[in-house]
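Text of protein.cif, listed as mmCIF, C-alpha atoms:
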data_protein
#
loop_
_atom_site.group_PDB
_atom_site.id
_atom_site.type_symbol
_atom_site.label_atom_id
_atom_site.label_comp_id
_atom_site.auth_asym_id
_atom_site.auth_seq_id
_atom_site.Cartn_x
_atom_site.Cartn_y
_atom_site.Cartn_z
ATOM 1 C CA MET K 9 -3.725 26.751 -18.242
ATOM 2 C CA LYS K 10 -4.770 23.845 -16.018
ATOM 3 C CA LYS K 11 -2.582 22.835 -13.136
ATOM 4 C CA ALA K 12 -1.521 19.238 -12.897
ATOM 5 C CA MET K 13 -3.347 17.421 -10.122
ATOM 6 C CA THR K 14 -1.222 15.457 -7.703
ATOM 7 C CA ARG K 15 -2.889 12.911 -5.506
ATOM 8 C CA VAL K 16 -1.517 13.033 -1.970
ATOM 9 C CA LYS K 17 -2.160 10.123 0.340
ATOM 10 C CA LYS K 18 -3.455 11.303 3.687
ATOM 11 C CA SER K 19 -1.542 10.069 6.684
ATOM 12 C CA THR K 20 -3.531 7.866 8.972
ATOM 13 C CA ALA K 21 -3.371 8.034 12.749
ATOM 14 C CA LYS K 22 -1.500 4.714 12.737
ATOM 15 C CA GLU K 23 1.178 6.066 10.418
ATOM 16 C CA THR K 24 1.755 9.186 12.509
ATOM 17 C CA THR K 25 1.773 7.348 15.866
ATOM 18 C CA GLY K 26 4.096 4.579 14.682
ATOM 19 C CA GLU K 27 1.501 1.800 14.933
ATOM 20 C CA ALA K 28 1.603 -0.868 12.262
ATOM 21 C CA THR K 29 -0.350 0.086 9.161
ATOM 22 C CA PRO K 30 -2.468 -2.452 7.274
ATOM 23 C CA SER K 31 0.198 -2.549 4.542
ATOM 24 C CA LYS K 32 2.887 -3.369 7.117
ATOM 25 C CA HIS K 33 0.673 -6.125 8.547
ATOM 26 C CA ILE K 34 0.325 -7.603 5.054
ATOM 27 C CA ASP K 35 4.096 -7.339 4.517
ATOM 28 C CA ALA K 36 4.618 -9.186 7.801
ATOM 29 C CA ARG K 37 2.106 -11.903 6.892
ATOM 30 C CA ILE K 38 3.849 -12.516 3.570
ATOM 31 C CA LYS K 39 7.232 -12.786 5.316
ATOM 32 C CA GLU K 40 5.826 -14.917 8.149
ATOM 33 C CA LEU K 41 4.371 -17.476 5.741
ATOM 34 C CA GLY K 42 7.771 -17.946 4.102
ATOM 35 C CA ASP K 43 6.545 -20.462 1.530
ATOM 36 C CA TRP K 44 4.524 -20.600 -1.692
ATOM 37 C CA ARG K 45 1.525 -19.062 0.119
ATOM 38 C CA GLY K 46 3.494 -15.925 0.973
ATOM 39 C CA GLU K 47 4.796 -15.712 -2.578
ATOM 40 C CA MET K 48 1.260 -16.122 -3.945
ATOM 41 C CA LEU K 49 -0.196 -13.550 -1.552
ATOM 42 C CA ALA K 50 2.514 -11.088 -2.635
ATOM 43 C CA ARG K 51 1.797 -11.827 -6.291
ATOM 44 C CA ILE K 52 -1.960 -11.364 -5.834
ATOM 45 C CA ARG K 53 -1.325 -8.126 -3.987
ATOM 46 C CA GLY K 54 0.776 -6.865 -6.884
ATOM 47 C CA ILE K 55 -1.904 -7.797 -9.418
ATOM 48 C CA ILE K 56 -4.549 -5.969 -7.362
ATOM 49 C CA LYS K 57 -2.392 -2.842 -7.170
ATOM 50 C CA GLU K 58 -1.730 -2.967 -10.922
ATOM 51 C CA ALA K 59 -5.438 -3.355 -11.666
ATOM 52 C CA ASP K 60 -6.404 -0.537 -9.293
ATOM 53 C CA PRO K 61 -3.619 1.891 -8.334
ATOM 54 C CA ASP K 62 -6.071 3.642 -5.955
ATOM 55 C CA VAL K 63 -6.760 0.504 -3.929
ATOM 56 C CA VAL K 64 -6.673 0.840 -0.135
ATOM 57 C CA GLU K 65 -5.218 -1.969 1.939
ATOM 58 C CA GLU K 66 -6.892 -2.887 5.210
ATOM 59 C CA TRP K 67 -6.259 -5.479 7.933
ATOM 60 C CA LYS K 68 -9.515 -6.846 9.366
ATOM 61 C CA TRP K 69 -11.074 -9.686 11.279
ATOM 62 C CA ARG K 70 -8.027 -10.600 13.323
ATOM 63 C CA GLY K 71 -5.585 -10.784 10.478
ATOM 64 C CA VAL K 72 -7.169 -10.862 7.047
ATOM 65 C CA PRO K 73 -5.713 -8.698 4.271
ATOM 66 C CA VAL K 74 -8.517 -6.740 2.607
ATOM 67 C CA TRP K 75 -8.389 -4.564 -0.498
ATOM 68 C CA GLU K 76 -10.971 -1.799 -0.842
ATOM 69 C CA HIS K 77 -12.084 0.849 -3.276
ATOM 70 C CA ASP K 78 -15.469 2.383 -2.394
ATOM 71 C CA GLY K 79 -16.123 -0.852 -0.499
ATOM 72 C CA ILE K 80 -14.461 -4.241 -0.250
ATOM 73 C CA ILE K 81 -13.035 -5.614 -3.489
ATOM 74 C CA CYS K 82 -11.642 -8.838 -2.058
ATOM 75 C CA THR K 83 -9.805 -10.483 0.797
ATOM 76 C CA GLY K 84 -6.610 -12.543 0.704
ATOM 77 C CA GLU K 85 -6.902 -15.371 3.194
ATOM 78 C CA THR K 86 -4.192 -17.982 3.639
ATOM 79 C CA TYR K 87 -4.813 -21.533 4.792
ATOM 80 C CA LYS K 88 -2.651 -24.624 5.053
ATOM 81 C CA ALA K 89 -3.237 -25.761 1.455
ATOM 82 C CA VAL K 90 -4.774 -22.749 -0.273
ATOM 83 C CA VAL K 91 -4.642 -19.002 -0.782
ATOM 84 C CA LYS K 92 -8.219 -17.788 -1.077
ATOM 85 C CA MET K 93 -9.349 -14.576 -2.739
ATOM 86 C CA THR K 94 -12.913 -13.853 -1.684
ATOM 87 C CA PHE K 95 -14.742 -11.182 -3.679
ATOM 88 C CA ALA K 96 -17.378 -9.434 -1.566
ATOM 89 C CA LYS K 97 -19.791 -9.001 -4.500
ATOM 90 C CA GLY K 98 -18.471 -11.827 -6.643
ATOM 91 C CA ALA K 99 -21.895 -13.206 -7.528
ATOM 92 C CA SER K 100 -22.609 -9.921 -9.338
ATOM 93 C CA LEU K 101 -19.420 -10.004 -11.421
ATOM 94 C CA ASP K 102 -18.935 -11.391 -14.901
ATOM 95 C CA ASP K 103 -16.385 -14.197 -14.841
ATOM 96 C CA PRO K 104 -15.992 -15.300 -18.465
ATOM 97 C CA SER K 105 -12.657 -17.017 -17.719
ATOM 98 C CA GLY K 106 -14.172 -19.102 -14.912
ATOM 99 C CA LEU K 107 -11.755 -17.999 -12.215
ATOM 100 C CA PHE K 108 -14.289 -18.436 -9.412
ATOM 101 C CA ASN K 109 -13.953 -21.985 -8.125
ATOM 102 C CA SER K 110 -15.131 -21.709 -4.526
ATOM 103 C CA SER K 111 -18.052 -20.324 -2.495
ATOM 104 C CA LEU K 112 -20.242 -20.691 -5.573
ATOM 105 C CA GLU K 113 -23.374 -21.562 -3.613
ATOM 106 C CA GLY K 114 -23.778 -18.174 -1.907
ATOM 107 C CA ASN K 115 -25.917 -15.274 -3.038
ATOM 108 C CA THR K 116 -23.231 -12.613 -2.764
ATOM 109 C CA ARG K 117 -19.630 -13.738 -2.385
ATOM 110 C CA ARG K 118 -17.493 -15.795 -4.738
ATOM 111 C CA ALA K 119 -13.948 -16.997 -4.195
ATOM 112 C CA ILE K 120 -10.885 -18.212 -6.024
ATOM 113 C CA ASP K 121 -8.917 -20.965 -4.296
ATOM 114 C CA ILE K 122 -5.303 -21.065 -5.439
ATOM 115 C CA HIS K 123 -3.315 -24.199 -4.628
ATOM 116 C CA GLU K 124 0.437 -24.709 -4.749
ATOM 117 C CA GLY K 125 1.567 -24.945 -8.355
ATOM 118 C CA ASP K 126 -1.591 -23.344 -9.811
ATOM 119 C CA LYS K 127 -1.080 -20.859 -12.625
ATOM 120 C CA VAL K 128 -2.768 -17.467 -12.206
ATOM 121 C CA ASN K 129 -4.428 -15.941 -15.255
ATOM 122 C CA GLU K 130 -3.295 -12.369 -14.519
ATOM 123 C CA LYS K 131 -5.241 -10.798 -17.373
ATOM 124 C CA ALA K 132 -8.509 -12.405 -16.286
ATOM 125 C CA LEU K 133 -7.830 -11.627 -12.615
ATOM 126 C CA LYS K 134 -7.156 -7.957 -13.389
ATOM 127 C CA ALA K 135 -10.423 -7.806 -15.342
ATOM 128 C CA LEU K 136 -12.283 -9.327 -12.384
ATOM 129 C CA ILE K 137 -10.705 -6.805 -9.982
ATOM 130 C CA LYS K 138 -11.555 -3.905 -12.290
ATOM 131 C CA GLY K 139 -15.113 -5.218 -12.508
ATOM 132 C CA ALA K 140 -15.356 -5.341 -8.717
ATOM 133 C CA VAL K 141 -14.079 -1.755 -8.449
ATOM 134 C CA ALA K 142 -16.551 -0.557 -11.094
ATOM 135 C CA LEU K 143 -19.398 -2.292 -9.243
ATOM 136 C CA ASN K 144 -18.388 -0.676 -5.948
ATOM 137 C CA VAL K 145 -18.089 2.771 -7.538
ATOM 138 C CA SER K 146 -21.484 2.495 -9.253
ATOM 139 C CA SER K 147 -23.117 1.193 -6.053
ATOM 140 C CA ARG K 148 -21.697 4.111 -4.091
ATOM 141 C CA ALA K 149 -22.919 6.585 -6.752
ATOM 142 C CA LYS K 150 -26.421 5.085 -6.652
ATOM 143 C CA LYS K 151 -26.527 5.445 -2.848
ATOM 144 C CA LYS K 152 -25.470 9.100 -3.083
ATOM 145 C CA ASN K 153 -28.163 9.843 -5.644
ATOM 146 C CA ALA K 154 -30.912 8.011 -3.747
#
File written out as structure tokens:
Amino acid sequence: MKKAMTRVKKSTAKETTGEATPSKHIDARIKELGDWRGEMLARIRGIIKEADPDVVEEWKWRGVPVWEHDGIICTGETYKAVVKMTFAKGASLDDPSGLFNSSLEGNTRRAIDIHEGDKVNEKALKALIKGAVALNVSSRAKKKNA
């Protein structure tokens, strides 16, 4: 009889020393924004977690929320008039719904700029996130086998 596997999250040094974790930094950013941008960042975060329950949240580059799974999936930057999701390997992802609307000229990254009042196609966004995770996982596997 096989035993059920339970995934246990390892405690990080920050969690055990009481320092703010990346997730707490993201919580604080959402609260600090206090407007549609905070609501949108929270919504995006929820969609990312639904698409990839194993996602790891990070806080990089002096205050940018980053979601990773075997590498960076995307960032969640907030500006005065836009919430920007930048996909690290976006140029390599299929985007049949045409969500990418920014940073289209680069060779690697692609971004989605979300303005106040924009509707988010959750199904298409989840597919894009899952595609980014699959690309990261396959890239990591190729590196291990090289």
6 Å contact set for region 121-129 of chain K, only C-alpha atoms, chain neighbours under 5 positions out, as an MDAnalysis selection string: chainID K and resid 90:92
To one decimal in Å, tell me the separation between CA of Arg53 (chain K) and CA of Phe108 (chain K).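 Distance reported for this atom pair: 17.4 Å.
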For region 92-110 of chain K, what centre and edge lengths in Å (one decimal) does the axis-aligned box get once 4 Å is added on each side of all its listed atoms, as AutoDock Vina command-line options?
--center_x -15.4 --center_y -15.5 --center_z -9.8 --size_x 22.4 --size_y 21.0 --size_z 25.4
Kindly resolve the PyMOL selection byres ((chain K and resi 82) around 12) on the present coordinates and return the residues as number ranges by chain. K: 52-53, 56, 63-68, 72-81, 83-85, 92-98, 117-120, 133, 136-141, 144
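From CA of Arg45 (chain K) back to CA of Asp102 (chain K), the distance works out to 26.5 Å.
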d(CA of Glu130 (chain K), CA of Gly106 (chain K)) in Å: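 Taking CA of Glu130 (chain K) as the start and CA of Gly106 (chain K) as the end point, the length is 12.8 Å.
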Which residue of K:Leu112, K:Ala59, K:Ala89, K:Leu143 approaches Gly46 (chain K) most closely, using all atoms listed in the file: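 For Gly46 (chain K), the nearest of the given residues is K:Ala89.
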Rank nothing, just name the residue among K:Ile55, K:Ile38, K:Leu49, K:Ala28 nearest to Lys134 (chain K), using all atoms listed in the file.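 Going through K:Ile55, K:Ile38, K:Leu49, K:Ala28 one by one, the smallest distance to Lys134 (chain K) is for K:Ile55.
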